[in-house]
Amino acid sequence: MKNMTPATGVPARSELPDPATCRHPRNPGAPLIPREDWIKEPWSSWTYLHTSEMMPTAPIWRGSGLVRPLPESVQPLGQVMINLEDGKVSVDDFLARSATDGFLVLYRGQIVFERYFNHFAPHTHHLVMSVTKSFTGTLAGILADKGLIDVQRPVTHYLPELEATAYKGATVQQLLDMASGVTFDATPLWNSVWHHQQKPGWPRTYWEAILSLDKSERPHGAAFKYRDIETDVVAFVLQRASGRLLADLISDEIWAPMGAERDAYIVVDESGFGTSASGLCATIRDLGRFAQLLVEGGAFEGRQIIPRNWIEETRHGRGWRFGSYEECGQTGYHNFWWIDNSSRGALLAHGYGGQVIYVDPNAELAAVKLSYHLGRPRSEVGSVVMPAIRAALGRN
């Protein structure tokens with residue numbers, strides 16, 4: 001029987017096939033990575049680090065300005081013990097057995113802990129899947145502060161083409177909180193765009209998919225229901241209001257002003273639309289810079305990049321609050337961000353495959369975990385790992 005990773009039910013790393021052999025320079029006749037499964041295991045251990053070789057992408061320029069320094073003050077946090085359902089383990093053990101590609105912890109703007117696995121490195125780009133949603137939500141906050149959008153207006157104010165769809169009557173804010181009443185089946189869009197499976201009647205672009213949604217399952221604003229398409233509608237609103245493509249918006253409003261070290265990129269559909277719900281690819285340190293920007297109230301080098309009041313409202317304001325949620329165990333959702341604890345106001349961005357950004361301004365703490373499969377529940381980073389690290393740093 002194959003060795004199984006404890007408590008996950010998936011093969012241990014040593015038992016997985018090596019997807020890199022499909023692209024090995026000495027093995028040109030090797031089997032190809034299957035297009036219909038490239039984001040799944042075992043291929044994800046390679047493809048999440050090589051997404052631009054699997055999909056069309058658009059660049060997100062870092063600009064020509066300074067790079068935000070990340071000084072190091074390394075602490076022995078790998079030895080910190082955490083309590084999991086199947087027993088107590090160290091942080092290092094947790095990372096080794098949870099399909100980790102990289103893990104970064106920043107405290108007061110300094111790197112205090114950093115680990116790399118699976119040929120990942122500080123300069124390597126990694127697909128972050130639904131963490132992209134939180135970037136889109138942050139862009140909405142920036143454009144709202146500039147007066148380019150009003151999140152209380154209906155989406156049809158900016159996209160009148162949607163008057164003929166079930167999005168009629170939904171506000172931008174309702175979409176930011178995943179609360180439209182639109183009926184949506186993700187399978188055709190997901191298979192068409194991400195798996196290159198074109199079938200008659202399936203949409204080829206996100207815009208085509210949105211225009212086809214003419215059925216409702218509940219009134220807008222009546223309930224929370226997590227689905228990617230809400231993010232895409234908001235992204236089209238942002239593009240229409242600003243006159244800029246999503247990749248350029250991320251570059252102009254976040255990536256360049258925050259002092260990113262390297263360009264990022266984003267997966268695009270056939271029309272060139274950046275996949276705002278799941279397509280961002282970046283280095284772990286630049287994702288850490290983004291998290292640190294939020295920890296510090298949205299300002300860097302004297303410039304207010306992300307509105308401070310938007311950050312605080314996202315952490316503590318209106319949105320969906322629940323005792324628990326099976327998707328990732330968080331207690332709330334607002335502006336395309338998960339709320340880890342309603343009283344603490346820690347923010348989390350989650351993505352398929354085990355991608356996490358953790359932001360805790362109260363503790364001056366930020367973290368990024370990049371992985372290649374779901375494995376353990378993603379809530380463990382926010383609910384178990386980071387509280388233990390917080391305590392070890394003396395920041396309860």
# chains A, B, ... in the order shown; residues from 1 in each chain; ligands from 1
>>> residues_around(residues="Asp286 in chain A", least_positions_apart="6", cutoff="9 Å", atoms="only C-alpha atoms", output="list in words")
Trp255, Gly259, Ala260, Glu261, Arg262 and Ala264 of chain A
>>> select_by_dssp(residues="range 27-258 of chain A", states="strand (DSSP E)", output="list in words")
Thr57, Ala58, Pro59, Ile60, Met81, Ile82, Asn83, Leu84, Gly87, Lys88, Val89, Ser90, Thr100, Asp101, Gly102, Phe103, Leu104, Val105, Leu106, Tyr107, Gln110, Ile111, Val112, Phe113, Glu114, Arg115, Tyr116, His126 and Leu127 of chain A
>>> write_last_selection(atoms="N, CA and C atoms", output="tab-separated table (two decimals), in the first residue's frame")
chain	number	residue	atom	x	y	z
A	57	THR	N	-1.13	34.39	-20.61
A	57	THR	CA	-1.08	35.31	-19.48
A	57	THR	C	-0.81	36.73	-19.94
A	58	ALA	N	-1.09	37.68	-19.05
A	58	ALA	CA	-0.78	39.09	-19.27
A	58	ALA	C	0.15	39.54	-18.15
A	59	PRO	N	1.16	40.38	-18.46
A	59	PRO	CA	2.11	40.81	-17.43
A	59	PRO	C	1.52	41.87	-16.51
A	60	ILE	N	1.97	41.84	-15.27
A	60	ILE	CA	1.65	42.87	-14.28
A	60	ILE	C	2.99	43.52	-13.91
A	81	MET	N	5.26	24.28	18.42
A	81	MET	CA	4.34	23.15	18.38
A	81	MET	C	2.91	23.64	18.18
A	82	ILE	N	2.16	22.92	17.35
A	82	ILE	CA	0.75	23.25	17.09
A	82	ILE	C	-0.10	22.01	17.31
A	83	ASN	N	-1.34	22.22	17.69
A	83	ASN	CA	-2.25	21.12	17.97
A	83	ASN	C	-3.18	20.88	16.79
A	84	LEU	N	-3.00	19.76	16.13
A	84	LEU	CA	-3.88	19.36	15.04
A	84	LEU	C	-4.82	18.28	15.52
A	87	GLY	N	-3.06	15.14	16.56
A	87	GLY	CA	-1.96	15.23	17.50
A	87	GLY	C	-1.16	16.51	17.37
A	88	LYS	N	-0.13	16.61	18.18
A	88	LYS	CA	0.71	17.79	18.23
A	88	LYS	C	1.92	17.59	17.32
A	89	VAL	N	2.21	18.59	16.49
A	89	VAL	CA	3.36	18.54	15.58
A	89	VAL	C	4.02	19.92	15.57
A	90	SER	N	5.24	19.98	15.07
A	90	SER	CA	5.92	21.27	14.91
A	90	SER	C	5.44	21.95	13.63
A	100	THR	N	3.43	21.78	1.00
A	100	THR	CA	3.85	23.18	0.96
A	100	THR	C	4.89	23.39	-0.14
A	101	ASP	N	4.72	24.47	-0.90
A	101	ASP	CA	5.77	24.94	-1.80
A	101	ASP	C	6.59	26.04	-1.12
A	102	GLY	N	5.91	26.94	-0.41
A	102	GLY	CA	6.62	28.01	0.28
A	102	GLY	C	5.81	28.54	1.45
A	103	PHE	N	6.49	29.02	2.47
A	103	PHE	CA	5.84	29.61	3.64
A	103	PHE	C	6.69	30.78	4.11
A	104	LEU	N	6.06	31.93	4.28
A	104	LEU	CA	6.74	33.16	4.65
A	104	LEU	C	5.99	33.84	5.78
A	105	VAL	N	6.72	34.27	6.82
A	105	VAL	CA	6.11	35.00	7.92
A	105	VAL	C	6.85	36.32	8.09
A	106	LEU	N	6.09	37.41	8.15
A	106	LEU	CA	6.64	38.75	8.39
A	106	LEU	C	6.12	39.27	9.72
A	107	TYR	N	7.03	39.81	10.52
A	107	TYR	CA	6.66	40.44	11.79
A	107	TYR	C	7.29	41.82	11.82
A	110	GLN	N	9.61	42.54	8.94
A	110	GLN	CA	10.82	41.76	8.77
A	110	GLN	C	10.49	40.29	8.55
A	111	ILE	N	11.31	39.61	7.74
A	111	ILE	CA	11.15	38.17	7.55
A	111	ILE	C	11.66	37.47	8.80
A	112	VAL	N	10.75	36.78	9.48
A	112	VAL	CA	11.15	36.04	10.68
A	112	VAL	C	11.16	34.53	10.45
A	113	PHE	N	10.55	34.10	9.33
A	113	PHE	CA	10.51	32.66	9.05
A	113	PHE	C	10.23	32.48	7.57
A	114	GLU	N	10.96	31.56	6.94
A	114	GLU	CA	10.81	31.34	5.50
A	114	GLU	C	11.24	29.92	5.18
A	115	ARG	N	10.39	29.20	4.44
A	115	ARG	CA	10.69	27.83	4.05
A	115	ARG	C	10.31	27.62	2.58
A	116	TYR	N	11.11	26.82	1.87
A	116	TYR	CA	10.85	26.50	0.46
A	116	TYR	C	10.98	24.99	0.26
A	126	HIS	N	4.19	31.69	-8.49
A	126	HIS	CA	3.29	30.61	-8.06
A	126	HIS	C	1.85	31.05	-8.32
A	127	LEU	N	1.06	30.16	-8.88
A	127	LEU	CA	-0.37	30.43	-9.06
A	127	LEU	C	-1.05	30.49	-7.70
>>> atom_distance(atom1="CA of Pro34 in chain A", atom2="CA of His196 in chain A")
10.1 Å
>>> residues_around(residues="range 147-153 of chain A", least_positions_apart="4", cutoff="10 Å", atoms="only C-alpha atoms", output="list in words")
Ala140, Gly141, Ile142, Leu143, His157, Tyr158, Gly169, Ala170, Thr171, Val172, Gln173, Gln174, Leu175, Leu176, Val234, Val237, Leu238, Arg240, Ala241 and Ser242 of chain A
>>> write_last_selection(atoms="N, CA, C and O atoms", output="CSV table (one decimal), in the first residue's frame")
chain,number,residue,atom,x,y,z
A,140,ALA,N,-11.3,47.3,-5.9
A,140,ALA,CA,-12.6,47.9,-5.8
A,140,ALA,C,-12.6,49.0,-4.7
A,140,ALA,O,-13.2,50.1,-4.8
A,141,GLY,N,-12.0,48.7,-3.5
A,141,GLY,CA,-11.8,49.7,-2.5
A,141,GLY,C,-11.0,50.9,-2.9
A,141,GLY,O,-11.4,52.0,-2.5
A,142,ILE,N,-10.0,50.7,-3.7
A,142,ILE,CA,-9.1,51.8,-4.1
A,142,ILE,C,-9.9,52.7,-5.1
A,142,ILE,O,-9.9,53.9,-5.0
A,143,LEU,N,-10.6,52.0,-6.1
A,143,LEU,CA,-11.3,52.8,-7.1
A,143,LEU,C,-12.5,53.5,-6.5
A,143,LEU,O,-12.9,54.6,-6.9
A,157,HIS,N,-25.4,49.9,-13.7
A,157,HIS,CA,-25.1,51.3,-13.8
A,157,HIS,C,-23.8,51.4,-14.6
A,157,HIS,O,-23.6,52.3,-15.4
A,158,TYR,N,-22.9,50.4,-14.4
A,158,TYR,CA,-21.6,50.4,-15.1
A,158,TYR,C,-21.6,49.5,-16.3
A,158,TYR,O,-20.9,49.7,-17.3
A,169,GLY,N,-30.4,44.5,-10.9
A,169,GLY,CA,-30.9,44.8,-9.5
A,169,GLY,C,-29.8,44.5,-8.5
A,169,GLY,O,-29.9,45.0,-7.3
A,170,ALA,N,-28.8,43.8,-8.8
A,170,ALA,CA,-27.7,43.5,-7.8
A,170,ALA,C,-26.8,44.7,-7.7
A,170,ALA,O,-26.4,45.3,-8.8
A,171,THR,N,-26.3,45.0,-6.5
A,171,THR,CA,-25.4,46.1,-6.3
A,171,THR,C,-24.0,45.5,-6.4
A,171,THR,O,-23.7,44.3,-6.2
A,172,VAL,N,-23.0,46.4,-6.6
A,172,VAL,CA,-21.6,46.0,-6.6
A,172,VAL,C,-21.2,45.4,-5.3
A,172,VAL,O,-20.5,44.4,-5.2
A,173,GLN,N,-21.7,46.0,-4.2
A,173,GLN,CA,-21.4,45.5,-2.9
A,173,GLN,C,-21.9,44.1,-2.6
A,173,GLN,O,-21.3,43.3,-2.0
A,174,GLN,N,-23.1,43.9,-3.1
A,174,GLN,CA,-23.6,42.5,-3.0
A,174,GLN,C,-22.8,41.5,-3.6
A,174,GLN,O,-22.6,40.4,-3.1
A,175,LEU,N,-22.2,41.8,-4.8
A,175,LEU,CA,-21.3,40.9,-5.4
A,175,LEU,C,-20.0,40.8,-4.6
A,175,LEU,O,-19.4,39.7,-4.5
A,176,LEU,N,-19.5,41.9,-4.1
A,176,LEU,CA,-18.2,41.9,-3.3
A,176,LEU,C,-18.4,41.0,-2.1
A,176,LEU,O,-17.4,40.5,-1.5
A,234,VAL,N,-17.5,42.0,-11.0
A,234,VAL,CA,-16.9,43.2,-10.4
A,234,VAL,C,-15.7,43.6,-11.2
A,234,VAL,O,-15.5,44.8,-11.4
A,237,VAL,N,-16.7,45.6,-14.0
A,237,VAL,CA,-17.1,47.0,-13.5
A,237,VAL,C,-15.9,47.9,-13.4
A,237,VAL,O,-15.9,49.0,-13.8
A,238,LEU,N,-14.8,47.3,-12.8
A,238,LEU,CA,-13.6,48.1,-12.5
A,238,LEU,C,-13.0,48.5,-13.8
A,238,LEU,O,-12.5,49.6,-14.0
A,240,ARG,N,-14.5,48.9,-16.8
A,240,ARG,CA,-15.3,49.8,-17.5
A,240,ARG,C,-15.2,51.2,-16.8
A,240,ARG,O,-15.1,52.2,-17.5
A,241,ALA,N,-15.2,51.3,-15.5
A,241,ALA,CA,-15.1,52.6,-14.8
A,241,ALA,C,-13.7,53.2,-15.0
A,241,ALA,O,-13.6,54.5,-15.0
A,242,SER,N,-12.7,52.4,-15.0
A,242,SER,CA,-11.3,53.0,-15.1
A,242,SER,C,-10.8,53.1,-16.5
A,242,SER,O,-9.8,53.9,-16.7
>>> residues_around(residues="Ser130 in chain A", least_positions_apart="3", cutoff="8 Å", atoms="only C-alpha atoms", output="PyMOL selection string")
chain A and resi 133-134+277-279+349-352+355
>>> write_last_selection(atoms="C-alpha atoms", output="PDB file, in the first residue's frame")
ATOM      1  CA  LYS A 133     -10.283  37.510  -5.554  1.00  0.00           C
ATOM      2  CA  SER A 134      -8.901  39.472  -2.622  1.00  0.00           C
ATOM      3  CA  ALA A 277     -11.138  35.135  -9.489  1.00  0.00           C
ATOM      4  CA  SER A 278      -8.194  32.765  -9.816  1.00  0.00           C
ATOM      5  CA  GLY A 279      -5.431  33.694 -12.257  1.00  0.00           C
ATOM      6  CA  ALA A 349      -7.269  35.274   1.301  1.00  0.00           C
ATOM      7  CA  HIS A 350      -7.774  31.619   0.374  1.00  0.00           C
ATOM      8  CA  GLY A 351      -7.164  29.779  -2.866  1.00  0.00           C
ATOM      9  CA  TYR A 352      -7.729  26.284  -4.239  1.00  0.00           C
ATOM     10  CA  GLN A 355      -2.948  29.082  -1.082  1.00  0.00           C
TER      11      GLN A 355
END
>>> residues_around(residues="range 182-191 of chain A", least_positions_apart="2", cutoff="8 Å", atoms="only C-alpha atoms", output="compact mmCIF listing (two decimals) with all heavy atoms, in the first residue's frame")
# COMPACT_ATOMS: atom_id res chain seq x y z
N GLU A 36 -6.90 18.64 -19.30
CA GLU A 36 -8.12 18.63 -18.49
C GLU A 36 -7.83 18.50 -17.00
O GLU A 36 -8.71 18.73 -16.16
CB GLU A 36 -9.05 17.49 -18.93
CG GLU A 36 -8.52 16.09 -18.67
CD GLU A 36 -7.63 15.56 -19.78
OE1 GLU A 36 -7.19 16.37 -20.64
OE2 GLU A 36 -7.37 14.35 -19.78
N ALA A 166 -29.70 37.98 -15.09
CA ALA A 166 -30.19 37.88 -13.72
C ALA A 166 -29.44 38.82 -12.77
O ALA A 166 -29.83 38.95 -11.60
CB ALA A 166 -30.09 36.44 -13.22
N TYR A 167 -28.39 39.47 -13.23
CA TYR A 167 -27.68 40.44 -12.40
C TYR A 167 -28.42 41.77 -12.28
O TYR A 167 -28.01 42.64 -11.49
CB TYR A 167 -26.27 40.67 -12.93
CG TYR A 167 -25.32 39.58 -12.50
CD1 TYR A 167 -24.88 38.60 -13.39
CD2 TYR A 167 -24.87 39.50 -11.18
CE1 TYR A 167 -24.03 37.59 -12.99
CE2 TYR A 167 -24.02 38.49 -10.76
CZ TYR A 167 -23.61 37.54 -11.67
OH TYR A 167 -22.78 36.54 -11.26
N SER A 180 -25.16 37.72 -4.57
CA SER A 180 -26.18 37.86 -5.61
C SER A 180 -27.08 36.63 -5.58
O SER A 180 -26.74 35.61 -4.98
CB SER A 180 -25.53 37.99 -7.00
OG SER A 180 -25.31 36.72 -7.57
N VAL A 193 -12.31 27.43 -19.98
CA VAL A 193 -11.19 28.36 -19.84
C VAL A 193 -9.96 27.68 -19.25
O VAL A 193 -8.85 27.84 -19.74
CB VAL A 193 -11.61 29.56 -18.98
CG1 VAL A 193 -10.43 30.49 -18.75
CG2 VAL A 193 -12.75 30.33 -19.65
N TRP A 194 -10.16 26.89 -18.18
CA TRP A 194 -9.02 26.34 -17.47
C TRP A 194 -8.58 24.97 -17.99
O TRP A 194 -7.42 24.61 -17.85
CB TRP A 194 -9.33 26.22 -15.97
CG TRP A 194 -9.28 27.54 -15.30
CD1 TRP A 194 -10.31 28.41 -15.11
CD2 TRP A 194 -8.13 28.18 -14.73
NE1 TRP A 194 -9.88 29.54 -14.46
CE2 TRP A 194 -8.54 29.42 -14.21
CE3 TRP A 194 -6.80 27.80 -14.60
CZ2 TRP A 194 -7.66 30.30 -13.59
CZ3 TRP A 194 -5.93 28.67 -13.98
CH2 TRP A 194 -6.36 29.91 -13.49
N HIS A 195 -9.50 24.23 -18.60
CA HIS A 195 -9.14 22.88 -19.04
C HIS A 195 -9.13 22.75 -20.57
O HIS A 195 -8.93 21.66 -21.09
CB HIS A 195 -10.12 21.86 -18.46
CG HIS A 195 -10.09 21.79 -16.97
ND1 HIS A 195 -8.93 21.94 -16.24
CD2 HIS A 195 -11.07 21.58 -16.05
CE1 HIS A 195 -9.19 21.83 -14.95
NE2 HIS A 195 -10.48 21.61 -14.81
N HIS A 196 -9.36 23.85 -21.27
CA HIS A 196 -9.30 23.85 -22.73
C HIS A 196 -10.25 22.82 -23.34
O HIS A 196 -9.94 22.19 -24.35
CB HIS A 196 -7.86 23.58 -23.21
CG HIS A 196 -6.86 24.56 -22.70
ND1 HIS A 196 -6.58 25.73 -23.34
CD2 HIS A 196 -6.06 24.53 -21.59
CE1 HIS A 196 -5.65 26.40 -22.66
NE2 HIS A 196 -5.33 25.68 -21.60
N GLN A 197 -11.39 22.65 -22.73
CA GLN A 197 -12.38 21.70 -23.24
C GLN A 197 -13.53 22.50 -23.87
O GLN A 197 -14.42 22.98 -23.18
CB GLN A 197 -12.92 20.80 -22.12
CG GLN A 197 -11.87 19.86 -21.54
CD GLN A 197 -12.44 19.01 -20.42
OE1 GLN A 197 -13.54 19.24 -19.95
NE2 GLN A 197 -11.68 18.02 -20.00
N GLN A 198 -13.48 22.69 -25.15
CA GLN A 198 -14.51 23.45 -25.85
C GLN A 198 -15.60 22.50 -26.35
O GLN A 198 -15.31 21.57 -27.09
CB GLN A 198 -13.90 24.22 -27.03
CG GLN A 198 -12.92 25.32 -26.62
CD GLN A 198 -13.59 26.46 -25.91
OE1 GLN A 198 -14.81 26.63 -26.00
NE2 GLN A 198 -12.82 27.25 -25.18
N TRP A 202 -20.86 25.83 -24.79
CA TRP A 202 -20.07 26.27 -23.63
C TRP A 202 -19.43 27.62 -23.93
O TRP A 202 -19.01 27.88 -25.07
CB TRP A 202 -18.99 25.25 -23.30
CG TRP A 202 -19.51 24.06 -22.56
CD1 TRP A 202 -20.82 23.72 -22.38
CD2 TRP A 202 -18.74 23.07 -21.89
NE1 TRP A 202 -20.91 22.57 -21.64
CE2 TRP A 202 -19.65 22.15 -21.32
CE3 TRP A 202 -17.38 22.86 -21.72
CZ2 TRP A 202 -19.24 21.05 -20.59
CZ3 TRP A 202 -16.96 21.76 -21.00
CH2 TRP A 202 -17.88 20.86 -20.44
N PRO A 203 -19.32 28.49 -22.94
CA PRO A 203 -18.74 29.82 -23.18
C PRO A 203 -17.25 29.74 -23.45
O PRO A 203 -16.54 28.91 -22.88
CB PRO A 203 -19.03 30.56 -21.88
CG PRO A 203 -19.13 29.49 -20.84
CD PRO A 203 -19.75 28.31 -21.53
N ARG A 204 -16.78 30.64 -24.29
CA ARG A 204 -15.35 30.72 -24.59
C ARG A 204 -14.67 31.81 -23.76
O ARG A 204 -13.45 31.79 -23.60
CB ARG A 204 -15.14 31.00 -26.08
CG ARG A 204 -15.65 29.89 -26.98
CD ARG A 204 -15.59 30.32 -28.44
NE ARG A 204 -14.23 30.54 -28.89
CZ ARG A 204 -13.48 29.58 -29.43
NH1 ARG A 204 -13.95 28.35 -29.55
NH2 ARG A 204 -12.27 29.84 -29.83
N THR A 205 -15.46 32.77 -23.26
CA THR A 205 -14.91 33.87 -22.47
C THR A 205 -15.79 34.11 -21.24
O THR A 205 -16.94 33.67 -21.18
CB THR A 205 -14.86 35.17 -23.28
OG1 THR A 205 -16.20 35.62 -23.54
CG2 THR A 205 -14.11 34.98 -24.60
N TYR A 206 -15.25 34.82 -20.27
CA TYR A 206 -16.01 35.15 -19.07
C TYR A 206 -17.18 36.07 -19.39
O TYR A 206 -18.27 35.93 -18.82
CB TYR A 206 -15.08 35.81 -18.03
CG TYR A 206 -14.20 34.80 -17.35
CD1 TYR A 206 -12.97 34.44 -17.89
CD2 TYR A 206 -14.58 34.17 -16.17
CE1 TYR A 206 -12.15 33.51 -17.28
CE2 TYR A 206 -13.79 33.24 -15.55
CZ TYR A 206 -12.58 32.91 -16.11
OH TYR A 206 -11.78 31.97 -15.50
N ALA A 209 -19.98 34.10 -20.69
CA ALA A 209 -20.63 33.35 -19.61
C ALA A 209 -21.57 34.23 -18.82
O ALA A 209 -22.70 33.84 -18.49
CB ALA A 209 -19.57 32.74 -18.70
N LEU A 213 -26.27 34.32 -18.11
CA LEU A 213 -26.88 34.01 -16.81
C LEU A 213 -28.20 34.76 -16.66
O LEU A 213 -28.25 35.93 -16.27
CB LEU A 213 -25.92 34.39 -15.68
CG LEU A 213 -24.56 33.67 -15.74
CD1 LEU A 213 -23.65 34.13 -14.62
CD2 LEU A 213 -24.75 32.16 -15.68
N ASP A 214 -29.28 34.08 -16.94
CA ASP A 214 -30.60 34.73 -16.95
C ASP A 214 -31.56 34.16 -15.91
O ASP A 214 -32.76 34.46 -15.92
CB ASP A 214 -31.23 34.64 -18.34
CG ASP A 214 -31.35 33.19 -18.83
OD1 ASP A 214 -30.97 32.27 -18.08
OD2 ASP A 214 -31.82 33.00 -19.97
N LYS A 215 -31.07 33.32 -14.99
CA LYS A 215 -31.94 32.71 -13.98
C LYS A 215 -31.48 33.09 -12.58
O LYS A 215 -30.29 33.23 -12.32
CB LYS A 215 -31.96 31.18 -14.12
CG LYS A 215 -32.59 30.69 -15.43
CD LYS A 215 -32.57 29.17 -15.49
CE LYS A 215 -33.31 28.68 -16.74
NZ LYS A 215 -32.70 29.19 -17.98
N SER A 216 -32.44 33.23 -11.67
CA SER A 216 -32.16 33.55 -10.27
C SER A 216 -32.63 32.42 -9.37
O SER A 216 -33.60 31.73 -9.69
CB SER A 216 -32.86 34.85 -9.86
OG SER A 216 -32.40 35.94 -10.62
N GLU A 217 -31.95 32.24 -8.24
CA GLU A 217 -32.36 31.24 -7.26
C GLU A 217 -32.80 31.85 -5.94
O GLU A 217 -33.33 31.16 -5.08
CB GLU A 217 -31.23 30.24 -7.02
CG GLU A 217 -29.92 30.85 -6.55
CD GLU A 217 -28.78 29.84 -6.59
OE1 GLU A 217 -28.73 29.04 -7.55
OE2 GLU A 217 -27.94 29.86 -5.67
N ARG A 218 -32.60 33.17 -5.78
CA ARG A 218 -33.02 33.87 -4.57
C ARG A 218 -32.92 35.37 -4.84
O ARG A 218 -32.25 35.78 -5.80
CB ARG A 218 -32.14 33.49 -3.37
CG ARG A 218 -30.70 33.92 -3.52
CD ARG A 218 -29.86 33.59 -2.30
NE ARG A 218 -29.79 32.17 -2.09
CZ ARG A 218 -28.92 31.36 -2.68
NH1 ARG A 218 -28.06 31.86 -3.55
NH2 ARG A 218 -28.90 30.07 -2.43
N HIS A 220 -31.42 39.11 -4.61
CA HIS A 220 -30.07 39.61 -4.36
C HIS A 220 -29.95 40.06 -2.91
O HIS A 220 -30.85 40.71 -2.36
CB HIS A 220 -29.77 40.79 -5.29
CG HIS A 220 -29.79 40.43 -6.74
ND1 HIS A 220 -29.09 39.38 -7.27
CD2 HIS A 220 -30.46 41.01 -7.79
CE1 HIS A 220 -29.30 39.32 -8.58
NE2 HIS A 220 -30.12 40.29 -8.92
N ARG A 227 -18.93 31.87 -5.12
CA ARG A 227 -18.70 31.41 -6.50
C ARG A 227 -17.87 32.44 -7.26
O ARG A 227 -17.98 33.65 -7.03
CB ARG A 227 -19.99 31.09 -7.25
CG ARG A 227 -21.02 32.19 -7.33
CD ARG A 227 -22.08 32.04 -6.27
NE ARG A 227 -23.17 33.00 -6.43
CZ ARG A 227 -24.31 32.71 -7.01
NH1 ARG A 227 -24.48 31.50 -7.52
NH2 ARG A 227 -25.25 33.61 -7.10
N ASP A 228 -17.07 31.95 -8.17
CA ASP A 228 -16.10 32.78 -8.86
C ASP A 228 -16.71 33.90 -9.69
O ASP A 228 -16.15 35.00 -9.79
CB ASP A 228 -15.25 31.90 -9.81
CG ASP A 228 -14.25 31.03 -9.07
OD1 ASP A 228 -14.23 31.08 -7.83
OD2 ASP A 228 -13.50 30.31 -9.73
N ILE A 229 -17.84 33.64 -10.31
CA ILE A 229 -18.36 34.56 -11.32
C ILE A 229 -18.66 35.95 -10.76
O ILE A 229 -18.62 36.95 -11.47
CB ILE A 229 -19.62 33.95 -12.00
CG1 ILE A 229 -19.87 34.59 -13.37
CG2 ILE A 229 -20.83 34.03 -11.08
CD1 ILE A 229 -18.84 34.22 -14.41
>>> closest_residue(among="A:Leu370, A:Arg68, A:Asp92, A:Leu294", to="Val80 in chain A", atoms="only C-alpha atoms")
A:Asp92
>>> residues_around(residues="Ala299 in chain A", least_positions_apart="2", cutoff="12 Å", atoms="only C-alpha atoms", output="JSON, numbers by chain")
{"A": [254, 257, 258, 259, 289, 290, 291, 292, 293, 294, 295, 296, 297, 301, 302, 303, 304, 305, 306, 307, 308, 309, 311]}
>>> select_by_dssp(residues="range 100-253 of chain A", states="alpha helix (DSSP H)", output="ChimeraX atom specification")
/A:131-145,155-158,172-176,186-194,206-211,229-242,246-250
>>> residues_around(residues="Phe273 in chain A", least_positions_apart="4", cutoff="9 Å", atoms="only C-alpha atoms", output="list in words")
Ala58, Thr205, Tyr206, Trp207, Phe236, Leu245, Leu246, Ala247, Val267, Val268 and Asp269 of chain A
>>> closest_residue(among="A:Ser44, A:Arg390, A:Glu380, A:Pro154", to="Glu85 in chain A", atoms="only C-alpha atoms")
A:Glu380
>>> decode(residues="range 44-52 of chain A", atoms="N, CA, C and O atoms", output="CSV table (one decimal), in the first residue's frame")
chain,number,residue,atom,x,y,z
A,44,SER,N,-0.2,19.5,-10.3
A,44,SER,CA,-0.1,20.8,-9.7
A,44,SER,C,1.2,21.0,-9.0
A,44,SER,O,1.6,22.2,-8.8
A,45,SER,N,1.9,20.0,-8.6
A,45,SER,CA,3.2,20.2,-8.0
A,45,SER,C,4.3,20.8,-8.9
A,45,SER,O,5.3,21.4,-8.5
A,46,TRP,N,4.0,20.8,-10.2
A,46,TRP,CA,4.8,21.4,-11.2
A,46,TRP,C,4.1,22.6,-11.9
A,46,TRP,O,4.7,23.7,-12.0
A,47,THR,N,2.8,22.4,-12.2
A,47,THR,CA,2.1,23.5,-13.0
A,47,THR,C,1.9,24.7,-12.2
A,47,THR,O,1.8,25.8,-12.8
A,48,TYR,N,1.7,24.7,-10.9
A,48,TYR,CA,1.5,25.9,-10.1
A,48,TYR,C,2.7,26.8,-10.2
A,48,TYR,O,2.6,28.0,-9.9
A,49,LEU,N,3.8,26.2,-10.4
A,49,LEU,CA,5.1,27.0,-10.5
A,49,LEU,C,5.4,27.3,-12.0
A,49,LEU,O,6.4,28.1,-12.2
A,50,HIS,N,4.6,26.8,-12.9
A,50,HIS,CA,4.9,27.1,-14.4
A,50,HIS,C,3.6,27.4,-15.1
A,50,HIS,O,3.4,26.9,-16.2
A,51,THR,N,2.8,28.2,-14.5
A,51,THR,CA,1.5,28.4,-15.1
A,51,THR,C,1.6,29.1,-16.5
A,51,THR,O,0.8,28.8,-17.4
A,52,SER,N,2.5,30.0,-16.7
A,52,SER,CA,2.7,30.7,-17.9
A,52,SER,C,3.0,29.7,-19.1
A,52,SER,O,2.9,30.1,-20.2
